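Note: the block below is entry.cif and it holds mmCIF, C-alpha atoms.
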```
data_work
loop_
_atom_site.label_atom_id
_atom_site.label_comp_id
_atom_site.auth_asym_id
_atom_site.auth_seq_id
_atom_site.Cartn_x
_atom_site.Cartn_y
_atom_site.Cartn_z
CA MET C 22 -6.60 28.50 20.19
CA ALA C 23 -6.86 26.61 16.87
CA SER C 24 -4.54 29.12 15.20
CA ALA C 25 -2.04 28.70 18.01
CA GLN C 26 -1.83 24.96 17.27
CA ILE C 27 -0.90 25.51 13.60
CA ASP C 28 2.30 27.44 12.99
CA ASP C 29 2.54 29.89 10.10
CA GLN C 30 4.85 27.85 7.85
CA ALA C 31 2.74 24.73 8.29
CA ARG C 32 -0.43 26.68 7.51
CA ALA C 33 1.08 28.16 4.33
CA LEU C 34 2.07 24.73 2.99
CA LEU C 35 -1.27 23.11 3.88
CA GLU C 36 -3.21 26.00 2.33
CA GLY C 37 -1.06 25.67 -0.78
CA MET C 38 -1.85 21.96 -0.92
CA ALA C 39 -5.57 22.72 -0.79
CA SER C 40 -5.24 25.37 -3.49
CA GLN C 41 -3.35 23.01 -5.81
CA ALA C 42 -5.91 20.24 -5.32
CA GLY C 43 -8.74 22.55 -6.34
CA ALA C 44 -12.32 22.43 -5.16
CA ALA C 45 -13.56 19.08 -3.92
CA PRO C 46 -16.24 17.66 -6.21
CA ASP C 47 -19.76 17.10 -4.93
CA ILE C 48 -19.47 13.32 -4.70
CA GLN C 49 -22.71 11.34 -4.83
CA SER C 50 -21.09 8.06 -5.88
CA LEU C 51 -17.59 6.67 -6.34
CA ASP C 52 -16.43 3.66 -8.36
CA MET C 53 -12.69 3.17 -7.93
CA THR C 54 -10.45 0.32 -9.09
CA SER C 55 -6.82 0.02 -8.05
CA THR C 56 -4.03 -2.53 -7.97
CA MET C 57 -1.62 -3.09 -5.10
CA THR C 58 1.60 -5.00 -5.75
CA ILE C 59 3.11 -6.13 -2.45
CA TYR C 60 6.74 -7.20 -2.33
CA GLY C 61 8.14 -9.73 0.10
CA ALA C 62 10.52 -12.65 0.33
CA ASP C 63 8.66 -14.62 -2.33
CA GLU C 64 7.01 -13.56 -5.58
CA PRO C 65 5.20 -10.20 -5.62
CA LEU C 66 1.55 -10.45 -4.62
CA VAL C 67 -0.92 -8.48 -6.75
CA ASN C 68 -4.27 -7.50 -5.28
CA GLU C 69 -6.87 -5.80 -7.46
CA SER C 70 -9.49 -3.94 -5.48
CA ARG C 71 -12.71 -2.22 -6.54
CA THR C 72 -14.49 0.10 -4.13
CA VAL C 73 -18.00 1.32 -4.92
CA ILE C 74 -19.70 3.85 -2.63
CA ASP C 75 -23.27 5.11 -2.92
CA TYR C 76 -23.17 8.10 -0.57
CA ALA C 77 -26.83 9.00 -0.96
CA GLY C 78 -28.00 5.45 -0.28
CA GLN C 79 -25.35 4.78 2.38
CA ARG C 80 -24.24 1.62 0.58
CA ALA C 81 -20.73 0.40 -0.15
CA ALA C 82 -19.01 -2.62 -1.65
CA ILE C 83 -15.36 -3.63 -1.71
CA VAL C 84 -14.32 -6.36 -4.14
CA SER C 85 -10.80 -7.80 -3.81
CA ALA C 86 -9.21 -10.28 -6.22
CA VAL C 87 -5.95 -11.98 -5.24
CA MET C 88 -4.45 -15.37 -6.11
CA GLY C 89 -7.56 -16.48 -7.95
CA MET C 90 -9.94 -15.71 -5.08
CA THR C 91 -12.51 -12.92 -5.17
CA THR C 92 -13.85 -11.56 -1.91
CA THR C 93 -16.76 -9.13 -1.75
CA MET C 94 -17.70 -7.15 1.35
CA ARG C 95 -20.93 -5.17 1.33
CA TYR C 96 -22.38 -2.55 3.65
CA VAL C 97 -26.12 -2.07 3.19
CA GLU C 98 -28.63 -0.56 5.66
CA GLY C 99 -26.09 -0.66 8.46
CA THR C 100 -25.26 -4.33 7.99
CA MET C 101 -22.05 -5.79 6.60
CA THR C 102 -21.93 -9.10 4.72
CA MET C 103 -19.11 -11.01 3.07
CA SER C 104 -18.80 -13.56 0.28
CA MET C 105 -15.92 -15.37 -1.41
CA ASN C 106 -16.20 -16.64 -4.99
CA GLY C 107 -19.95 -16.20 -4.66
CA MET C 108 -20.33 -18.17 -1.38
CA THR C 109 -21.59 -16.32 1.72
CA LEU C 110 -19.19 -16.48 4.65
CA PRO C 111 -19.36 -15.51 8.34
CA LEU C 112 -17.90 -12.10 8.99
CA PRO C 113 -14.41 -12.39 10.56
CA PRO C 114 -13.80 -10.24 13.65
CA GLY C 115 -12.50 -6.79 12.86
CA MET C 116 -13.50 -6.80 9.19
CA ASP C 117 -16.09 -4.10 9.80
CA ALA C 118 -13.16 -1.68 10.09
CA ALA C 119 -13.00 -1.72 6.27
CA PHE C 120 -16.11 0.49 6.25
CA ALA C 121 -15.15 2.82 9.09
CA ASP C 122 -15.70 6.43 7.97
CA ILE C 123 -16.16 5.26 4.37
CA PHE C 124 -19.09 7.65 3.83
CA GLU C 125 -17.18 10.74 4.95
CA THR C 126 -16.27 13.26 2.26
CA GLY C 127 -14.11 16.34 2.43
CA SER C 128 -11.18 18.09 0.81
CA ALA C 129 -7.57 18.89 1.48
CA GLY C 130 -8.68 22.30 2.69
CA ASP C 131 -10.71 20.70 5.48
CA LEU C 132 -7.50 19.76 7.28
CA LEU C 133 -7.29 23.28 8.65
CA SER C 134 -10.95 23.46 9.68
CA ASP C 135 -10.57 20.93 12.51
CA PRO C 136 -10.46 23.08 15.68
CA GLU C 137 -8.41 20.39 17.44
CA ALA C 138 -5.82 20.08 14.65
CA VAL C 139 -2.14 20.50 15.44
CA ALA C 140 0.32 21.19 12.60
CA THR C 141 4.01 22.04 12.84
CA TYR C 142 6.65 22.81 10.22
CA ASP C 143 9.61 20.46 10.68
CA GLY C 144 12.01 21.88 8.08
CA GLU C 145 13.94 19.88 5.49
CA VAL C 146 13.80 16.09 5.88
CA SER C 147 15.03 13.04 3.98
CA TYR C 148 13.82 9.47 4.29
CA ALA C 149 16.62 7.22 3.01
CA ASP C 150 16.77 9.32 -0.16
CA VAL C 151 13.43 7.98 -1.44
CA LEU C 152 11.57 11.09 -0.23
CA SER C 153 13.12 14.46 0.57
CA GLY C 154 11.61 17.89 1.05
CA ARG C 155 9.92 20.27 3.48
CA GLN C 156 7.80 18.51 6.10
CA VAL C 157 4.64 19.36 8.01
CA SER C 158 3.50 17.08 10.83
CA TYR C 159 -0.29 17.09 11.17
CA THR C 160 -2.53 15.60 13.84
CA GLY C 161 -6.26 15.92 13.27
CA ASP C 162 -9.20 14.89 11.11
CA PHE C 163 -8.27 12.90 7.98
CA GLY C 164 -11.71 12.94 6.34
CA VAL C 165 -10.23 13.51 2.88
CA PRO C 166 -11.23 11.46 -0.20
CA GLY C 167 -8.30 9.41 -1.39
CA MET C 168 -6.39 9.60 1.89
CA GLN C 169 -6.88 6.15 3.33
CA VAL C 170 -4.69 6.39 6.40
CA ASP C 171 -5.24 4.64 9.71
CA ALA C 172 -3.20 6.92 11.95
CA THR C 173 -3.57 9.87 14.30
CA THR C 174 -0.54 11.75 12.95
CA ILE C 175 0.68 12.04 9.38
CA ARG C 176 3.60 13.92 7.87
CA PHE C 177 3.21 15.75 4.56
CA VAL C 178 6.33 16.33 2.48
CA PHE C 179 6.50 19.15 -0.08
CA ASP C 180 9.07 20.07 -2.71
CA ALA C 181 10.75 23.49 -2.93
CA THR C 182 7.76 24.92 -4.82
CA GLY C 183 5.25 23.78 -2.19
CA ARG C 184 3.91 20.86 -4.24
CA LEU C 185 2.90 17.81 -2.21
CA ILE C 186 5.18 14.90 -3.16
CA GLY C 187 4.58 12.33 -0.43
CA MET C 188 3.32 11.37 2.99
CA VAL C 189 4.80 9.54 5.94
CA VAL C 190 2.95 7.48 8.53
CA PRO C 191 5.05 7.04 11.69
CA GLN C 192 5.12 3.50 13.09
CA ASP C 193 6.60 2.02 16.26
CA ALA C 194 9.99 1.00 14.86
CA SER C 195 9.90 2.41 11.33
CA ASP C 196 8.16 4.83 9.00
CA MET C 197 5.79 3.98 6.15
CA VAL C 198 6.79 6.37 3.38
CA MET C 199 4.42 6.98 0.47
CA VAL C 200 6.03 8.63 -2.56
CA PHE C 201 3.53 10.10 -5.01
CA VAL C 202 3.85 9.26 -8.70
CA GLY C 203 2.52 11.84 -11.15
CA GLU C 204 -0.35 14.21 -10.47
CA PRO C 205 -3.59 13.69 -8.44
CA ARG C 206 -6.06 11.55 -10.37
CA VAL C 207 -9.04 13.65 -9.18
CA ASP C 208 -9.17 17.40 -8.50
CA GLY C 209 -9.87 18.18 -4.86
CA ALA C 210 -8.81 14.75 -3.57
CA LEU C 211 -5.50 13.09 -2.79
CA PHE C 212 -5.84 10.17 -5.23
CA TYR C 213 -2.19 9.66 -6.18
CA ASP C 214 -0.44 6.60 -7.58
CA GLN C 215 2.11 5.69 -4.92
CA ASP C 216 5.32 3.80 -4.25
CA MET C 217 5.41 2.71 -0.62
CA TYR C 218 8.57 2.08 1.37
CA GLU C 219 9.34 0.94 4.89
CA VAL C 220 12.15 3.13 6.18
CA LYS C 221 14.06 1.83 9.17
CA ASP C 222 17.49 2.80 10.52
CA GLY C 223 18.14 4.98 7.48
CA ALA C 224 17.42 2.23 4.93
CA ALA C 225 14.39 1.99 2.63
CA THR C 226 12.72 -1.25 1.54
CA LEU C 227 10.12 -1.19 -1.22
CA TYR C 228 6.95 -2.52 0.38
CA ALA C 229 4.31 -1.97 -2.30
CA GLU C 230 3.24 -0.10 -5.42
CA MET C 231 -0.31 1.19 -5.69
CA ARG C 232 -1.82 2.28 -8.99
CA TYR C 233 -5.31 3.55 -9.76
CA VAL C 234 -6.81 1.76 -12.75
CA ASP C 235 -10.02 3.78 -12.95
CA ILE C 236 -11.90 6.36 -10.89
CA ALA C 237 -15.48 7.29 -11.79
CA LEU C 238 -17.44 9.93 -9.87
CA ASN C 239 -21.22 10.39 -9.87
CA GLU C 240 -21.89 7.60 -12.36
CA PRO C 241 -24.85 5.19 -11.88
CA VAL C 242 -24.05 2.64 -9.18
CA ASP C 243 -23.49 -0.95 -10.32
CA GLU C 244 -26.50 -2.57 -8.65
CA THR C 245 -25.21 -6.11 -9.26
CA LEU C 246 -22.67 -5.56 -6.49
CA PHE C 247 -25.49 -5.32 -3.96
CA GLU C 248 -27.57 -8.30 -5.10
#
```

Show me, as structure tokens, the structure contained in the file I just sent.
Amino acid sequence: MASAQIDDQARALLEGMASQAGAAPDIQSLDMTSTMTIYGADEPLVNESRTVIDYAGQRAAIVSAVMGMTTTMRYVEGTMTMSMNGMTLPLPPGMDAAFADIFETGSAGDLLSDPEAVATYDGEVSYADVLSGRQVSYTGDFGVPGMQVDATTIRFVFDATGRLIGMVVPQDASDMVMVFVGEPRVDGALFYDQDMYEVKDGAATLYAEMRYVDIALNEPVDETLFE
């Protein structure tokens, strides 16, 4: 039944994506720093974020710095806490979603192991000329390091050689289009620098640029983040 839900062309492209990514590393810890530049009506807003995950100890910390304010969220022993500029704050409703599935690890190849997955080949597509190629629509488990997507369906776009060049997250009235810049930053994971566009009615608007500053795997965890 699982095979019947994934057509042959979709399977070939997804298997090729997994092969290109290589074997997923055995991740015991992750220390990742990135910047997100968000564009709007006013000046661009730059948010620097550092995510530290101790998989063995089931601990995580997310530090965000924007407009002179530094916010730290911690997940330790099943409890989440939050502080801003060193001052402890009550946890706002819904903030615990930041740590949902954060301890899951996997690889691009795992996309095909989900028995409930559905994948179809959609042919050649173009999103306002910012992303064009061969598309696979996938619905299933997104437990892949580097793929931070809050959606049930995602579209993968490949070039003529089968190389993954972007992803699309369908939204109610538009599409969020992520165009990959360069090569994956880590073998076996989809850590790509990205340009993000909102595509609506055939027009693309640059929403944000995301760049990885540093990614360290299996290094000693910075204990000061959990003090």

- Message: I'd like to see the residues matched by the PyMOL selection byres ((chain C and resi 179) around 9) on this file, and ideally I'd get them as a list in words.
- Response: Leu34, Met38, Ser153, Gly154, Arg155, Gln156, Val157, Phe177, Val178, Asp180, Ala181, Thr182, Gly183, Arg184, Leu185, Ile186, Gly187 and Met188 of chain C

- Task: Could you state which residues are captured by the PyMOL selection byres ((chain C and resi 107) around 12) in this file, as a PyMOL selection string?
- Result: chain C and resi 84+90-94+102-106+108-110+246+248

- Item | Point-to-point distance in Å for CA of Gln49 in chain C and CA of Ile123 in chain C |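 CA of Ile123 in chain C sits 12.8 Å away from CA of Gln49 in chain C.
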
Starting from the PyMOL selection byres ((chain C and resi 96) around 9), expand the selection into actual residues of this file and give them as a short mmCIF file (atom, residue, chain, number, x, y, z; two decimals) with C-alpha atoms, in the coordinates of the input.
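The result, written out as selection-v7.cif:
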```cif
data_model
loop_
_atom_site.label_atom_id
_atom_site.label_comp_id
_atom_site.auth_asym_id
_atom_site.auth_seq_id
_atom_site.Cartn_x
_atom_site.Cartn_y
_atom_site.Cartn_z
CA GLN C 79 -25.35 4.78 2.38
CA ARG C 80 -24.24 1.62 0.58
CA ALA C 81 -20.73 0.40 -0.15
CA ALA C 82 -19.01 -2.62 -1.65
CA ILE C 83 -15.36 -3.63 -1.71
CA MET C 94 -17.70 -7.15 1.35
CA ARG C 95 -20.93 -5.17 1.33
CA VAL C 97 -26.12 -2.07 3.19
CA GLU C 98 -28.63 -0.56 5.66
CA GLY C 99 -26.09 -0.66 8.46
CA THR C 100 -25.26 -4.33 7.99
CA MET C 101 -22.05 -5.79 6.60
CA THR C 102 -21.93 -9.10 4.72
CA ASP C 117 -16.09 -4.10 9.80
CA PHE C 120 -16.11 0.49 6.25
CA PHE C 247 -25.49 -5.32 -3.96
#
```

- Task: Please measure the separation of CA of Asp243 in chain C and CA of Ile59 in chain C, giving the value in Å to one decimal.
- Result: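 Separation of CA of Asp243 in chain C and CA of Ile59 in chain C: 28.2 Å.
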
- Residues near Asp29 in chain C, cut-off 12 Å, all atoms listed in the file, skip fewer than 3 positions along chain, as a ChimeraX atom specification: /C:24-26,32-36,133,139-143,157

- Task: Name the closest residue to Pro191 in chain C among the candidates C:Glu219, C:Asp63, C:Glu137, C:Glu244; distances are taken between atoms, counting only C-alpha atoms.
- Result: C:Glu219

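Picture a line from CA of Arg71 in chain C to CA of Thr173 in chain C; it runs 25.8 Å.
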
- Which is closer to Ile175 in chain C than all the others in C:Thr160, C:Ser50, C:Ser147, C:Gln30, using only C-alpha atoms? C:Thr160

Could you write out as JSON the box around range 47-50 of chain C (axis-aligned, all atoms listed in the file, 4 Å on each side), with centre and edge lengths in Å to one decimal?
```
{"center_x": -21.1, "center_y": 12.6, "center_z": -5.3, "size_x": 11.2, "size_y": 17.0, "size_z": 9.2}
```

- Message: So that I can see what lies close to Ala229 in chain C, please list as a PyMOL selection string the residues with an atom at most 6 Å from it, counting all atoms listed in the file and leaving out residues fewer than 2 positions away in the same chain.
- Response: chain C and resi 58-60+217+227

- Using all atoms listed in the file, which of the listed residues (C:Asp47, C:Phe124, C:Pro65, C:Asp216) sits closest to Gly78 in chain C?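 Nearest to Gly78 in chain C: C:Phe124.
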
Quick one: everything within 9 Å of Glu204 in chain C, counting only C-alpha atoms, minus sequence neighbours fewer than 4 positions away in the same chain. Send it as a short mmCIF file (atom, residue, chain, number, x, y, z; two decimals) with C-alpha atoms, keeping the file's coordinate frame.
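As a result, out.cif now contains:
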```cif
data_model
loop_
_atom_site.label_atom_id
_atom_site.label_comp_id
_atom_site.auth_asym_id
_atom_site.auth_seq_id
_atom_site.Cartn_x
_atom_site.Cartn_y
_atom_site.Cartn_z
CA PHE C 212 -5.84 10.17 -5.23
CA TYR C 213 -2.19 9.66 -6.18
CA ASP C 214 -0.44 6.60 -7.58
#
```

Rows by chain and residue number, range 46-142 of chain C within 12 Å of range 231-235 of chain C, shortest pair, all atoms listed in the file, as a tab-separated table:
```
residue	atom	partner	partner_atom	distance
C:Leu51	CA	C:Asp235	CA	10.5
C:Asp52	CA	C:Asp235	CA	7.9
C:Met53	CA	C:Asp235	CA	5.7
C:Thr54	CA	C:Asp235	CA	5.2
C:Ser55	CA	C:Tyr233	CA	4.2
C:Thr56	CA	C:Arg232	CA	5.4
C:Met57	CA	C:Met231	CA	4.5
C:Thr58	CA	C:Met231	CA	6.5
C:Ile59	CA	C:Met231	CA	8.7
C:Tyr60	CA	C:Met231	CA	11.5
C:Leu66	CA	C:Met231	CA	11.8
C:Val67	CA	C:Met231	CA	9.7
C:Asn68	CA	C:Met231	CA	9.6
C:Glu69	CA	C:Val234	CA	9.2
C:Ser70	CA	C:Tyr233	CA	9.6
C:Arg71	CA	C:Asp235	CA	9.2
C:Thr72	CA	C:Asp235	CA	10.6
C:Val73	CA	C:Asp235	CA	11.6
```

- When distances are computed from all atoms listed in the file, which of C:Val207, C:Val87, C:Ala119, C:Ala138 shows the smallest separation from Ile236 in chain C? C:Val207
